[in-house]
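What follows is a set of notes on a single structure, which appears directly below.
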Amino acid sequence: MFNHFFNKLSLTLILVFFTFQSQSQNQNKAWTLEDCIKYAFENNIDIKKHQIIIQQNELILRQHKLNRLPTIEATINNDLGWEKDYDKDENVYSPLISSTSSSYGINSSISLFNGFRVNNQVSQANLDMQVGNIHLESIKESLEITIIKAYLDILYAQEEVNNIEKQIETSKQELQFAEERMNLGYISKSDYLQIKSALASEKLSLANAMSELELGKLSLMQLMDLPASPDFTIVSPDISQLINTARDLNPDSVYNTALKTKPQIKEASLIVKRNLYEEKIARADLLPSINLSAGISTEWNSNNTFFNYRSQLNNEFSPYVGLSLSIPIYQKSQVITNIRIARLLVEDAKIDEVNAKNILRKETELAIADFSSAIIRYEASIEQYNAVIESYNVASEKFRLGILNSIDFLIVKDDLIRAESALLNTKFNLAFSNKILDYYLGIPLVLSE
């Protein structure tokens, strides 16, 4: 008994160890974009709930198919009763006499014609399955776009931190140089303190940037439904290939491609077809129905003393076959009302389909406009940065030679910092705009590492 307990305890500890080790590896590894998306797909609550809906649709489809088969049931009845026996000769009733009776039967029925209701229900359930699967694709695509945005936000924040750290290193050298010149009497203490104040401001900017980086990581982990961890890191892919300014984009071409690839359009189209079957199912109630039934039955009664149990069952054995026809005549306009409601559902679905296409057209137009605007801003920021860096190099040299005071130098340096930040911002905006266009063109949403 002790050995059995020890074995179970050892197995439990091993499972706990490997579970903890697996979680630890998840937290410590550097996550690629594909890793983040895969993990999110596996753990997202909306995806899990919709997968349950898909399973329900599968069961409904299976049941509608089974409804084509006949039903079979067995019946067994046992009754205990009391009755008085009438004596014609004496013209009197006997005292209450108990009696026992039993009956047995097997019955089966099948619908020969039901206005094509079952066939239409099967077709509708098939469409419900397709709608469910396509809607799942839509949920995944939306989550994928959100994760890509969060992933790029982290990369942007990381580069912002790196840039500020480089600025701080440069400022430390400038402060050291300013201190030396102040000690030699070449610059005033006021100029020195201006440089020192600028360094302190850059350290504060670094703290803010690092805070934004950590918030970005937390946002991504929450999107993935991954428990927060201070060790969470991502792989930094090569963003330069996403800075594609040579795409020749025609709005009609992008829109037509999106019409063929986007799940929300396919879903809206399928819902129209699905609701058309709702009308056909409602119309089935206007048509007659034909059902075939068959069965066998037998019975036994204890008051029958002339035949024993087996003989009674044999003698009372009676098979039957029946064919029933049901013709609807008047149902208080319920069927007509159901048909009209079904027609309205079709019209509503058609409007939703048109609306989905209109929304997609506006989204593709906006995506192209954003991309074009991102290119203009990115190219302008490059031009601005190149001009400012030259100005900064000249100002830095003048400051070292004592020709430029600290205030004028810091003004030029602030321009450089703003230009670097603008260039970084426009670069990542252009990268994201590229991925949005890939989304509408049906191109896989991946980043090269």
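Quick note on naming: the chains in the structure tokens go A, B, ... in the order shown, residues restart at 1 in each chain, and ligands are numbered from 1 in order of appearance.
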
Using only C-alpha atoms, I'd like a table of the residues in region 134-168 of chain A that come within 9 Å of region 37-44 of chain A; for each, show the closest atom pair and its distance in Å rounded to one decimal, ordered by chain and ascending number, as JSON lines.
```
{"residue": "A:Lys140", "atom": "CA", "partner": "A:Phe41", "partner_atom": "CA", "distance": 6.9}
{"residue": "A:Leu143", "atom": "CA", "partner": "A:Ala40", "partner_atom": "CA", "distance": 8.0}
{"residue": "A:Glu144", "atom": "CA", "partner": "A:Ile37", "partner_atom": "CA", "distance": 6.2}
{"residue": "A:Ile147", "atom": "CA", "partner": "A:Ile37", "partner_atom": "CA", "distance": 6.9}
{"residue": "A:Ile148", "atom": "CA", "partner": "A:Ile37", "partner_atom": "CA", "distance": 8.4}
```

Near region 150-155 of chain A, counting only C-alpha atoms, which residues have an atom at most 6 Å away, once you skip same-chain residues fewer than 2 positions from it, shown as a list of chain:residue names?
A:Ile147, A:Ile148, A:Ala157, A:Gln158, A:Leu213, A:Gly216, A:Leu220

Of the listed residues A:Gln334, A:Ser229, A:Ser201, A:Ser236, that which approaches Glu214 (chain A) most closely, counting only C-alpha atoms:
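Between A:Gln334, A:Ser229, A:Ser201, A:Ser236, the residue approaching Glu214 (chain A) most closely is A:Ser229.
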
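Across the model, the gap from CA of Val446 (chain A) to CA of Asp35 (chain A) is 10.8 Å.
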
Measuring between only C-alpha atoms, which one of A:Ser142, A:Asn393, A:Asn107, A:Gln56 shows the shortest distance to Pro263 (chain A)?
A:Ser142

With DSSP run on the backbone, what are the alpha helix (DSSP H) residues within region 156-392 of chain A? I'd like them as a compact mmCIF listing (two decimals) with N, CA and C atoms, in the first residue's frame.
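So out09.txt came out as:
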```
# COMPACT_ATOMS: atom_id res chain seq x y z
N TYR A 156 8.63 49.21 -31.96
CA TYR A 156 8.79 50.67 -32.01
C TYR A 156 9.29 51.20 -30.67
N ALA A 157 8.66 50.74 -29.58
CA ALA A 157 9.06 51.20 -28.24
C ALA A 157 10.50 50.79 -27.93
N GLN A 158 10.89 49.58 -28.38
CA GLN A 158 12.26 49.12 -28.14
C GLN A 158 13.27 50.00 -28.88
N GLU A 159 12.95 50.34 -30.13
CA GLU A 159 13.85 51.21 -30.89
C GLU A 159 13.89 52.61 -30.29
N GLU A 160 12.76 53.06 -29.77
CA GLU A 160 12.73 54.36 -29.11
C GLU A 160 13.66 54.36 -27.89
N VAL A 161 13.61 53.28 -27.12
CA VAL A 161 14.51 53.14 -25.97
C VAL A 161 15.97 53.14 -26.42
N ASN A 162 16.25 52.38 -27.47
CA ASN A 162 17.63 52.32 -27.98
C ASN A 162 18.12 53.69 -28.42
N ASN A 163 17.26 54.42 -29.13
CA ASN A 163 17.65 55.76 -29.59
C ASN A 163 17.96 56.70 -28.43
N ILE A 164 17.09 56.66 -27.41
CA ILE A 164 17.30 57.55 -26.26
C ILE A 164 18.57 57.15 -25.51
N GLU A 165 18.82 55.85 -25.40
CA GLU A 165 20.05 55.41 -24.74
C GLU A 165 21.29 55.92 -25.48
N LYS A 166 21.24 55.91 -26.82
CA LYS A 166 22.36 56.45 -27.60
C LYS A 166 22.49 57.96 -27.38
N GLN A 167 21.34 58.64 -27.31
CA GLN A 167 21.37 60.08 -27.05
C GLN A 167 22.00 60.37 -25.69
N ILE A 168 21.66 59.55 -24.70
CA ILE A 168 22.21 59.76 -23.36
C ILE A 168 23.72 59.56 -23.35
N GLU A 169 24.19 58.53 -24.06
CA GLU A 169 25.64 58.31 -24.13
C GLU A 169 26.33 59.50 -24.78
N THR A 170 25.75 60.02 -25.85
CA THR A 170 26.32 61.21 -26.50
C THR A 170 26.28 62.41 -25.56
N SER A 171 25.17 62.56 -24.84
CA SER A 171 25.03 63.70 -23.92
C SER A 171 26.03 63.61 -22.78
N LYS A 172 26.31 62.40 -22.31
CA LYS A 172 27.31 62.24 -21.25
C LYS A 172 28.68 62.72 -21.74
N GLN A 173 29.03 62.38 -22.96
CA GLN A 173 30.30 62.85 -23.52
C GLN A 173 30.31 64.36 -23.66
N GLU A 174 29.16 64.91 -24.11
CA GLU A 174 29.06 66.35 -24.26
C GLU A 174 29.16 67.04 -22.90
N LEU A 175 28.55 66.44 -21.86
CA LEU A 175 28.61 67.02 -20.52
C LEU A 175 30.04 66.99 -19.98
N GLN A 176 30.71 65.88 -20.22
CA GLN A 176 32.11 65.78 -19.78
C GLN A 176 32.98 66.84 -20.46
N PHE A 177 32.74 66.99 -21.77
CA PHE A 177 33.50 68.00 -22.53
C PHE A 177 33.18 69.40 -22.02
N ALA A 178 31.86 69.65 -21.71
CA ALA A 178 31.45 70.97 -21.21
C ALA A 178 32.07 71.25 -19.85
N GLU A 179 32.18 70.23 -19.02
CA GLU A 179 32.78 70.40 -17.69
C GLU A 179 34.26 70.78 -17.82
N GLU A 180 34.93 70.12 -18.74
CA GLU A 180 36.34 70.44 -18.96
C GLU A 180 36.50 71.88 -19.43
N ARG A 181 35.65 72.32 -20.34
CA ARG A 181 35.74 73.69 -20.85
C ARG A 181 35.35 74.71 -19.79
N MET A 182 34.38 74.32 -18.92
CA MET A 182 34.01 75.22 -17.83
C MET A 182 35.18 75.39 -16.86
N ASN A 183 35.86 74.28 -16.53
CA ASN A 183 37.00 74.34 -15.61
C ASN A 183 38.14 75.19 -16.18
N LYS A 189 29.31 78.61 -16.20
CA LYS A 189 28.65 77.54 -15.47
C LYS A 189 27.20 77.38 -15.94
N SER A 190 26.61 78.48 -16.35
CA SER A 190 25.24 78.43 -16.86
C SER A 190 25.14 77.55 -18.09
N ASP A 191 26.13 77.67 -19.00
CA ASP A 191 26.14 76.80 -20.19
C ASP A 191 26.30 75.34 -19.79
N TYR A 192 27.16 75.11 -18.80
CA TYR A 192 27.38 73.74 -18.33
C TYR A 192 26.08 73.15 -17.76
N LEU A 193 25.38 73.97 -16.96
CA LEU A 193 24.14 73.47 -16.35
C LEU A 193 23.05 73.23 -17.39
N GLN A 194 23.08 73.98 -18.47
CA GLN A 194 22.12 73.74 -19.55
C GLN A 194 22.33 72.34 -20.14
N ILE A 195 23.59 71.97 -20.35
CA ILE A 195 23.90 70.63 -20.88
C ILE A 195 23.50 69.55 -19.87
N LYS A 196 23.77 69.83 -18.59
CA LYS A 196 23.43 68.86 -17.54
C LYS A 196 21.92 68.69 -17.43
N SER A 197 21.18 69.78 -17.56
CA SER A 197 19.72 69.71 -17.51
C SER A 197 19.16 68.91 -18.68
N ALA A 198 19.79 69.11 -19.86
CA ALA A 198 19.34 68.35 -21.03
C ALA A 198 19.55 66.86 -20.82
N LEU A 199 20.67 66.47 -20.20
CA LEU A 199 20.93 65.06 -19.93
C LEU A 199 19.88 64.49 -18.97
N ALA A 200 19.52 65.28 -17.95
CA ALA A 200 18.49 64.82 -17.00
C ALA A 200 17.15 64.63 -17.71
N SER A 201 16.83 65.53 -18.62
CA SER A 201 15.58 65.40 -19.38
C SER A 201 15.58 64.14 -20.24
N GLU A 202 16.74 63.83 -20.83
CA GLU A 202 16.85 62.62 -21.64
C GLU A 202 16.69 61.37 -20.79
N LYS A 203 17.20 61.40 -19.55
CA LYS A 203 17.03 60.24 -18.65
C LYS A 203 15.56 60.05 -18.29
N LEU A 204 14.86 61.18 -18.11
CA LEU A 204 13.42 61.07 -17.86
C LEU A 204 12.70 60.51 -19.08
N SER A 205 13.11 60.96 -20.26
CA SER A 205 12.51 60.42 -21.50
C SER A 205 12.77 58.93 -21.60
N LEU A 206 13.96 58.50 -21.18
CA LEU A 206 14.28 57.06 -21.21
C LEU A 206 13.36 56.29 -20.27
N ALA A 207 13.14 56.83 -19.08
CA ALA A 207 12.25 56.16 -18.12
C ALA A 207 10.83 56.04 -18.69
N ASN A 208 10.36 57.11 -19.33
CA ASN A 208 9.02 57.07 -19.94
C ASN A 208 8.97 56.06 -21.08
N ALA A 209 10.03 56.03 -21.89
CA ALA A 209 10.06 55.10 -23.02
C ALA A 209 10.09 53.65 -22.54
N MET A 210 10.85 53.39 -21.47
CA MET A 210 10.91 52.02 -20.92
C MET A 210 9.56 51.63 -20.33
N SER A 211 8.87 52.60 -19.74
CA SER A 211 7.53 52.33 -19.22
C SER A 211 6.58 51.97 -20.36
N GLU A 212 6.66 52.73 -21.46
CA GLU A 212 5.83 52.42 -22.64
C GLU A 212 6.15 51.05 -23.19
N LEU A 213 7.41 50.68 -23.17
CA LEU A 213 7.82 49.36 -23.66
C LEU A 213 7.20 48.25 -22.80
N GLU A 214 7.25 48.41 -21.50
CA GLU A 214 6.69 47.39 -20.60
C GLU A 214 5.17 47.32 -20.75
N LEU A 215 4.53 48.47 -20.91
CA LEU A 215 3.07 48.47 -21.13
C LEU A 215 2.72 47.80 -22.45
N GLY A 216 3.57 48.01 -23.47
CA GLY A 216 3.34 47.35 -24.76
C GLY A 216 3.46 45.84 -24.64
N LYS A 217 4.44 45.38 -23.88
CA LYS A 217 4.59 43.93 -23.67
C LYS A 217 3.40 43.37 -22.92
N LEU A 218 2.95 44.10 -21.90
CA LEU A 218 1.79 43.64 -21.14
C LEU A 218 0.56 43.57 -22.03
N SER A 219 0.39 44.56 -22.89
CA SER A 219 -0.76 44.57 -23.80
C SER A 219 -0.74 43.35 -24.71
N LEU A 220 0.42 43.02 -25.25
CA LEU A 220 0.53 41.86 -26.14
C LEU A 220 0.25 40.56 -25.37
N MET A 221 0.81 40.43 -24.18
CA MET A 221 0.57 39.22 -23.38
C MET A 221 -0.91 39.05 -23.05
N GLN A 222 -1.58 40.16 -22.78
CA GLN A 222 -3.01 40.07 -22.49
C GLN A 222 -3.82 39.70 -23.73
N LEU A 223 -3.42 40.20 -24.88
CA LEU A 223 -4.08 39.81 -26.13
C LEU A 223 -3.91 38.31 -26.39
N MET A 224 -2.75 37.79 -26.00
CA MET A 224 -2.46 36.36 -26.19
C MET A 224 -3.09 35.50 -25.12
N PRO A 251 -7.33 50.97 -56.43
CA PRO A 251 -8.42 50.72 -55.47
C PRO A 251 -9.37 49.62 -55.90
N ASP A 252 -9.74 49.60 -57.18
CA ASP A 252 -10.66 48.56 -57.66
C ASP A 252 -10.03 47.18 -57.56
N SER A 253 -8.74 47.09 -57.88
CA SER A 253 -8.05 45.80 -57.83
C SER A 253 -7.96 45.28 -56.40
N VAL A 254 -7.61 46.17 -55.46
CA VAL A 254 -7.52 45.76 -54.06
C VAL A 254 -8.90 45.33 -53.55
N TYR A 255 -9.92 46.11 -53.88
CA TYR A 255 -11.28 45.80 -53.42
C TYR A 255 -11.76 44.46 -53.98
N ASN A 256 -11.56 44.23 -55.27
CA ASN A 256 -12.01 42.99 -55.89
C ASN A 256 -11.27 41.78 -55.31
N THR A 257 -9.99 41.96 -55.01
CA THR A 257 -9.24 40.87 -54.38
C THR A 257 -9.78 40.59 -52.98
N ALA A 258 -10.06 41.66 -52.23
CA ALA A 258 -10.60 41.51 -50.88
C ALA A 258 -11.97 40.83 -50.90
N LEU A 259 -12.78 41.14 -51.91
CA LEU A 259 -14.10 40.50 -52.03
C LEU A 259 -13.97 38.98 -52.11
N LYS A 260 -12.89 38.52 -52.75
CA LYS A 260 -12.70 37.07 -52.94
C LYS A 260 -12.05 36.40 -51.74
N THR A 261 -11.37 37.16 -50.92
CA THR A 261 -10.57 36.53 -49.86
C THR A 261 -11.09 36.77 -48.45
N PRO A 263 -13.26 36.73 -45.20
CA PRO A 263 -14.31 35.82 -44.70
C PRO A 263 -15.63 36.51 -44.42
N GLN A 264 -15.60 37.80 -44.05
CA GLN A 264 -16.87 38.46 -43.73
C GLN A 264 -17.78 38.58 -44.93
N ILE A 265 -17.19 38.65 -46.15
CA ILE A 265 -18.01 38.71 -47.37
C ILE A 265 -18.59 37.33 -47.67
N LYS A 266 -17.76 36.31 -47.54
CA LYS A 266 -18.25 34.94 -47.75
C LYS A 266 -19.36 34.61 -46.75
N GLU A 267 -19.17 35.04 -45.50
CA GLU A 267 -20.16 34.77 -44.46
C GLU A 267 -21.49 35.44 -44.79
N ALA A 268 -21.44 36.71 -45.20
CA ALA A 268 -22.68 37.43 -45.53
C ALA A 268 -23.41 36.77 -46.69
N SER A 269 -22.66 36.31 -47.69
CA SER A 269 -23.27 35.65 -48.85
C SER A 269 -23.92 34.32 -48.44
N LEU A 270 -23.26 33.57 -47.58
CA LEU A 270 -23.80 32.28 -47.14
C LEU A 270 -25.05 32.47 -46.28
N ILE A 271 -25.10 33.55 -45.50
CA ILE A 271 -26.28 33.78 -44.66
C ILE A 271 -27.51 34.06 -45.52
N VAL A 272 -27.31 34.73 -46.66
CA VAL A 272 -28.43 34.93 -47.60
C VAL A 272 -28.96 33.58 -48.07
N LYS A 273 -28.06 32.70 -48.50
CA LYS A 273 -28.47 31.37 -48.97
C LYS A 273 -29.12 30.58 -47.84
N ARG A 274 -28.57 30.72 -46.65
CA ARG A 274 -29.10 30.01 -45.49
C ARG A 274 -30.55 30.43 -45.20
N ASN A 275 -30.81 31.75 -45.27
CA ASN A 275 -32.15 32.25 -44.99
C ASN A 275 -33.15 31.92 -46.11
N LEU A 276 -32.66 31.70 -47.32
CA LEU A 276 -33.54 31.23 -48.39
C LEU A 276 -34.12 29.86 -48.05
N TYR A 277 -33.32 29.03 -47.42
CA TYR A 277 -33.83 27.72 -46.99
C TYR A 277 -34.83 27.87 -45.86
N GLU A 278 -34.71 28.92 -45.06
CA GLU A 278 -35.69 29.16 -44.01
C GLU A 278 -37.08 29.37 -44.63
N GLU A 279 -37.12 30.07 -45.75
CA GLU A 279 -38.39 30.28 -46.45
C GLU A 279 -38.92 28.96 -47.03
N LYS A 280 -38.03 28.14 -47.60
CA LYS A 280 -38.45 26.85 -48.15
C LYS A 280 -39.00 25.94 -47.06
N ILE A 281 -38.36 25.98 -45.88
CA ILE A 281 -38.83 25.16 -44.77
C ILE A 281 -40.21 25.63 -44.31
N ALA A 282 -40.39 26.95 -44.27
CA ALA A 282 -41.71 27.47 -43.88
C ALA A 282 -42.78 27.10 -44.90
N ARG A 283 -42.44 27.07 -46.19
CA ARG A 283 -43.41 26.71 -47.24
C ARG A 283 -43.83 25.24 -47.16
N TYR A 309 -51.15 -18.09 -20.94
CA TYR A 309 -50.44 -16.86 -21.31
C TYR A 309 -49.88 -16.95 -22.73
N ARG A 310 -49.16 -18.03 -23.05
CA ARG A 310 -48.54 -18.15 -24.37
C ARG A 310 -49.60 -18.22 -25.47
N SER A 311 -50.68 -18.98 -25.20
CA SER A 311 -51.72 -19.11 -26.22
C SER A 311 -52.40 -17.78 -26.49
N GLN A 312 -52.63 -17.00 -25.43
CA GLN A 312 -53.26 -15.69 -25.64
C GLN A 312 -52.38 -14.78 -26.49
N LEU A 313 -51.09 -14.78 -26.20
CA LEU A 313 -50.18 -13.92 -26.97
C LEU A 313 -50.17 -14.32 -28.44
N ASN A 314 -50.20 -15.64 -28.69
CA ASN A 314 -50.22 -16.10 -30.09
C ASN A 314 -51.54 -15.75 -30.77
N ASN A 315 -52.62 -15.93 -30.05
CA ASN A 315 -53.93 -15.70 -30.65
C ASN A 315 -54.23 -14.21 -30.87
N GLN A 334 -50.93 31.09 -39.72
CA GLN A 334 -49.61 30.95 -39.11
C GLN A 334 -48.55 30.63 -40.14
N VAL A 335 -48.87 29.76 -41.10
CA VAL A 335 -47.89 29.37 -42.11
C VAL A 335 -47.53 30.56 -43.00
N ILE A 336 -48.56 31.32 -43.43
CA ILE A 336 -48.31 32.50 -44.27
C ILE A 336 -47.45 33.51 -43.51
N THR A 337 -47.74 33.68 -42.24
CA THR A 337 -46.94 34.61 -41.42
C THR A 337 -45.49 34.15 -41.35
N ASN A 338 -45.29 32.85 -41.14
CA ASN A 338 -43.93 32.30 -41.08
C ASN A 338 -43.18 32.51 -42.40
N ILE A 339 -43.89 32.35 -43.51
CA ILE A 339 -43.25 32.55 -44.83
C ILE A 339 -42.85 34.02 -45.00
N ARG A 340 -43.74 34.91 -44.60
CA ARG A 340 -43.44 36.34 -44.74
C ARG A 340 -42.25 36.74 -43.85
N ILE A 341 -42.22 36.19 -42.66
CA ILE A 341 -41.08 36.47 -41.76
C ILE A 341 -39.78 35.96 -42.39
N ALA A 342 -39.83 34.75 -42.98
CA ALA A 342 -38.65 34.17 -43.62
C ALA A 342 -38.18 35.04 -44.79
N ARG A 343 -39.15 35.58 -45.56
CA ARG A 343 -38.78 36.47 -46.67
C ARG A 343 -38.08 37.72 -46.15
N LEU A 344 -38.59 38.25 -45.04
CA LEU A 344 -37.96 39.44 -44.46
C LEU A 344 -36.54 39.14 -43.98
N LEU A 345 -36.34 37.93 -43.46
CA LEU A 345 -34.99 37.53 -43.05
C LEU A 345 -34.04 37.47 -44.25
N VAL A 346 -34.57 37.02 -45.39
CA VAL A 346 -33.76 36.99 -46.61
C VAL A 346 -33.40 38.40 -47.03
N GLU A 347 -34.38 39.30 -47.03
CA GLU A 347 -34.12 40.68 -47.43
C GLU A 347 -33.13 41.34 -46.47
N ASP A 348 -33.28 41.06 -45.20
CA ASP A 348 -32.36 41.62 -44.21
C ASP A 348 -30.93 41.12 -44.44
N ALA A 349 -30.81 39.83 -44.76
CA ALA A 349 -29.48 39.25 -45.02
C ALA A 349 -28.86 39.85 -46.28
N LYS A 350 -29.71 40.12 -47.30
CA LYS A 350 -29.20 40.75 -48.52
C LYS A 350 -28.68 42.16 -48.23
N ILE A 351 -29.40 42.88 -47.39
CA ILE A 351 -28.94 44.22 -47.01
C ILE A 351 -27.61 44.13 -46.24
N ASP A 352 -27.53 43.16 -45.35
CA ASP A 352 -26.28 42.96 -44.60
C ASP A 352 -25.12 42.64 -45.55
N GLU A 353 -25.40 41.86 -46.60
CA GLU A 353 -24.36 41.53 -47.56
C GLU A 353 -23.88 42.78 -48.30
N VAL A 354 -24.83 43.61 -48.73
CA VAL A 354 -24.47 44.86 -49.41
C VAL A 354 -23.67 45.76 -48.46
N ASN A 355 -24.13 45.82 -47.21
CA ASN A 355 -23.44 46.65 -46.22
C ASN A 355 -22.02 46.15 -45.97
N ALA A 356 -21.86 44.82 -45.90
CA ALA A 356 -20.53 44.25 -45.68
C ALA A 356 -19.58 44.62 -46.83
N LYS A 357 -20.12 44.59 -48.05
CA LYS A 357 -19.30 44.96 -49.21
C LYS A 357 -18.96 46.45 -49.19
N ASN A 358 -19.93 47.26 -48.79
CA ASN A 358 -19.67 48.70 -48.70
C ASN A 358 -18.60 49.00 -47.65
N ILE A 359 -18.72 48.35 -46.50
CA ILE A 359 -17.73 48.55 -45.44
C ILE A 359 -16.35 48.11 -45.92
N LEU A 360 -16.30 46.98 -46.62
CA LEU A 360 -15.01 46.49 -47.12
C LEU A 360 -14.43 47.47 -48.14
N ARG A 361 -15.27 48.01 -49.02
CA ARG A 361 -14.79 48.98 -50.01
C ARG A 361 -14.19 50.21 -49.31
N LYS A 362 -14.90 50.71 -48.29
CA LYS A 362 -14.39 51.88 -47.55
C LYS A 362 -13.09 51.54 -46.83
N GLU A 363 -13.02 50.34 -46.27
CA GLU A 363 -11.81 49.94 -45.56
C GLU A 363 -10.62 49.84 -46.51
N THR A 364 -10.82 49.26 -47.71
CA THR A 364 -9.71 49.14 -48.66
C THR A 364 -9.29 50.52 -49.17
N GLU A 365 -10.27 51.39 -49.42
CA GLU A 365 -9.93 52.75 -49.85
C GLU A 365 -9.12 53.48 -48.77
N LEU A 366 -9.54 53.31 -47.51
CA LEU A 366 -8.83 53.94 -46.41
C LEU A 366 -7.44 53.35 -46.24
N ALA A 367 -7.32 52.02 -46.43
CA ALA A 367 -6.02 51.37 -46.30
C ALA A 367 -5.04 51.90 -47.36
N ILE A 368 -5.54 52.07 -48.59
CA ILE A 368 -4.68 52.60 -49.66
C ILE A 368 -4.29 54.05 -49.35
N ALA A 369 -5.27 54.84 -48.88
CA ALA A 369 -4.98 56.23 -48.54
C ALA A 369 -3.97 56.32 -47.40
N ASP A 370 -4.14 55.48 -46.38
CA ASP A 370 -3.19 55.46 -45.26
C ASP A 370 -1.80 55.07 -45.73
N PHE A 371 -1.73 54.09 -46.63
CA PHE A 371 -0.43 53.65 -47.15
C PHE A 371 0.24 54.77 -47.93
N SER A 372 -0.52 55.42 -48.81
CA SER A 372 0.04 56.52 -49.60
C SER A 372 0.51 57.65 -48.69
N SER A 373 -0.31 57.97 -47.68
CA SER A 373 0.06 59.02 -46.74
C SER A 373 1.29 58.62 -45.93
N ALA A 374 1.37 57.33 -45.55
CA ALA A 374 2.51 56.85 -44.78
C ALA A 374 3.80 56.97 -45.59
N ILE A 375 3.72 56.70 -46.89
CA ILE A 375 4.90 56.84 -47.76
C ILE A 375 5.37 58.30 -47.78
N ILE A 376 4.43 59.22 -47.95
CA ILE A 376 4.78 60.65 -48.01
C ILE A 376 5.43 61.09 -46.70
N ARG A 377 4.82 60.69 -45.58
CA ARG A 377 5.37 61.09 -44.27
C ARG A 377 6.74 60.47 -44.04
N TYR A 378 6.90 59.20 -44.45
CA TYR A 378 8.19 58.52 -44.25
C TYR A 378 9.29 59.18 -45.08
N GLU A 379 9.00 59.45 -46.35
CA GLU A 379 10.01 60.09 -47.21
C GLU A 379 10.34 61.50 -46.73
N ALA A 380 9.31 62.21 -46.24
CA ALA A 380 9.55 63.55 -45.71
C ALA A 380 10.40 63.50 -44.45
N SER A 381 10.13 62.48 -43.60
CA SER A 381 10.89 62.37 -42.35
C SER A 381 12.35 62.00 -42.63
N ILE A 382 12.61 61.21 -43.69
CA ILE A 382 13.98 60.89 -44.08
C ILE A 382 14.70 62.17 -44.52
N GLU A 383 14.02 62.93 -45.34
CA GLU A 383 14.61 64.17 -45.82
C GLU A 383 14.89 65.13 -44.66
N GLN A 384 13.91 65.21 -43.75
CA GLN A 384 14.09 66.07 -42.58
C GLN A 384 15.26 65.59 -41.72
N TYR A 385 15.32 64.29 -41.49
CA TYR A 385 16.39 63.75 -40.64
C TYR A 385 17.76 64.00 -41.26
N ASN A 386 17.89 63.79 -42.57
CA ASN A 386 19.17 64.01 -43.24
C ASN A 386 19.62 65.47 -43.11
N ALA A 387 18.66 66.38 -43.23
CA ALA A 387 19.00 67.80 -43.10
C ALA A 387 19.39 68.15 -41.67
N VAL A 388 18.63 67.61 -40.72
CA VAL A 388 18.88 67.93 -39.31
C VAL A 388 20.19 67.32 -38.83
N ILE A 389 20.52 66.11 -39.27
CA ILE A 389 21.76 65.47 -38.81
C ILE A 389 22.98 66.25 -39.30
N GLU A 390 22.89 66.79 -40.50
CA GLU A 390 23.99 67.63 -41.00
C GLU A 390 24.10 68.90 -40.16
N SER A 391 22.95 69.50 -39.86
CA SER A 391 22.95 70.70 -39.03
C SER A 391 23.51 70.40 -37.65
N TYR A 392 23.13 69.22 -37.11
CA TYR A 392 23.63 68.85 -35.77
C TYR A 392 25.14 68.64 -35.79
```

Check the DSSP output for the backbone and give back, as a PyMOL selection string, the residues of region 34-255 of chain A in strand (DSSP E).
chain A and resi 71-83+86-87+92-93+97-113+233-234

Give me, as a PyMOL selection string, all polymer residues having an atom no more than 10 Å from Ile329 (chain A), counting only C-alpha atoms and skipping those fewer than 5 positions away in the same chain.
chain A and resi 286-288

9 Å contact set for region 400-404 of chain A, only C-alpha atoms, chain neighbours under 2 positions out, as a VMD selection string:
chain A and resid 174 177 to 178 181 186 to 187 395 to 398 406 to 409

For those residues, write C-alpha atoms to a file as an mmCIF file, in the first residue's frame.
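Saved to part_14.cif:
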```
data_model
loop_
_atom_site.group_PDB
_atom_site.id
_atom_site.type_symbol
_atom_site.label_atom_id
_atom_site.label_comp_id
_atom_site.auth_asym_id
_atom_site.auth_seq_id
_atom_site.Cartn_x
_atom_site.Cartn_y
_atom_site.Cartn_z
ATOM 1 C CA GLU A 174 29.060 66.354 -24.256
ATOM 2 C CA PHE A 177 33.497 67.998 -22.526
ATOM 3 C CA ALA A 178 31.455 70.973 -21.212
ATOM 4 C CA ARG A 181 35.742 73.687 -20.854
ATOM 5 C CA TYR A 186 35.967 78.745 -21.840
ATOM 6 C CA ILE A 187 32.241 78.466 -21.028
ATOM 7 C CA ALA A 395 26.529 72.642 -34.473
ATOM 8 C CA SER A 396 28.355 69.959 -32.471
ATOM 9 C CA GLU A 397 31.660 70.937 -34.010
ATOM 10 C CA LYS A 398 30.990 74.630 -33.368
ATOM 11 C CA SER A 406 24.917 75.717 -25.138
ATOM 12 C CA ILE A 407 21.410 77.114 -25.680
ATOM 13 C CA ASP A 408 21.759 77.280 -29.471
ATOM 14 C CA PHE A 409 23.428 73.875 -29.502
#
```

Selected residue, from A:Leu437, A:Ile145, A:Leu66, A:Ala284, that lies nearest to Arg247 (chain A) when counting only C-alpha atoms
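Selected residue with least distance to Arg247 (chain A): A:Leu437.
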
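Using only C-alpha atoms, the smallest distance between any of A:Leu249, A:Ile417, A:Cys36, A:Ile296 and Ile234 (chain A) comes from A:Cys36.
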
9 Å contact set for Lys427 (chain A), only C-alpha atoms, chain neighbours under 2 positions out, as a ChimeraX atom specification
/A:239-240,242-243,374-375,377-378,381,422-425,429-432

Can you tell me which residues surround Ser318 (chain A) at a distance of at most 9 Å, considering only C-alpha atoms, apart from same-chain residues fewer than 4 positions away, and format the answer as JSON, numbers by chain?
{"A": [295, 296, 297, 298]}
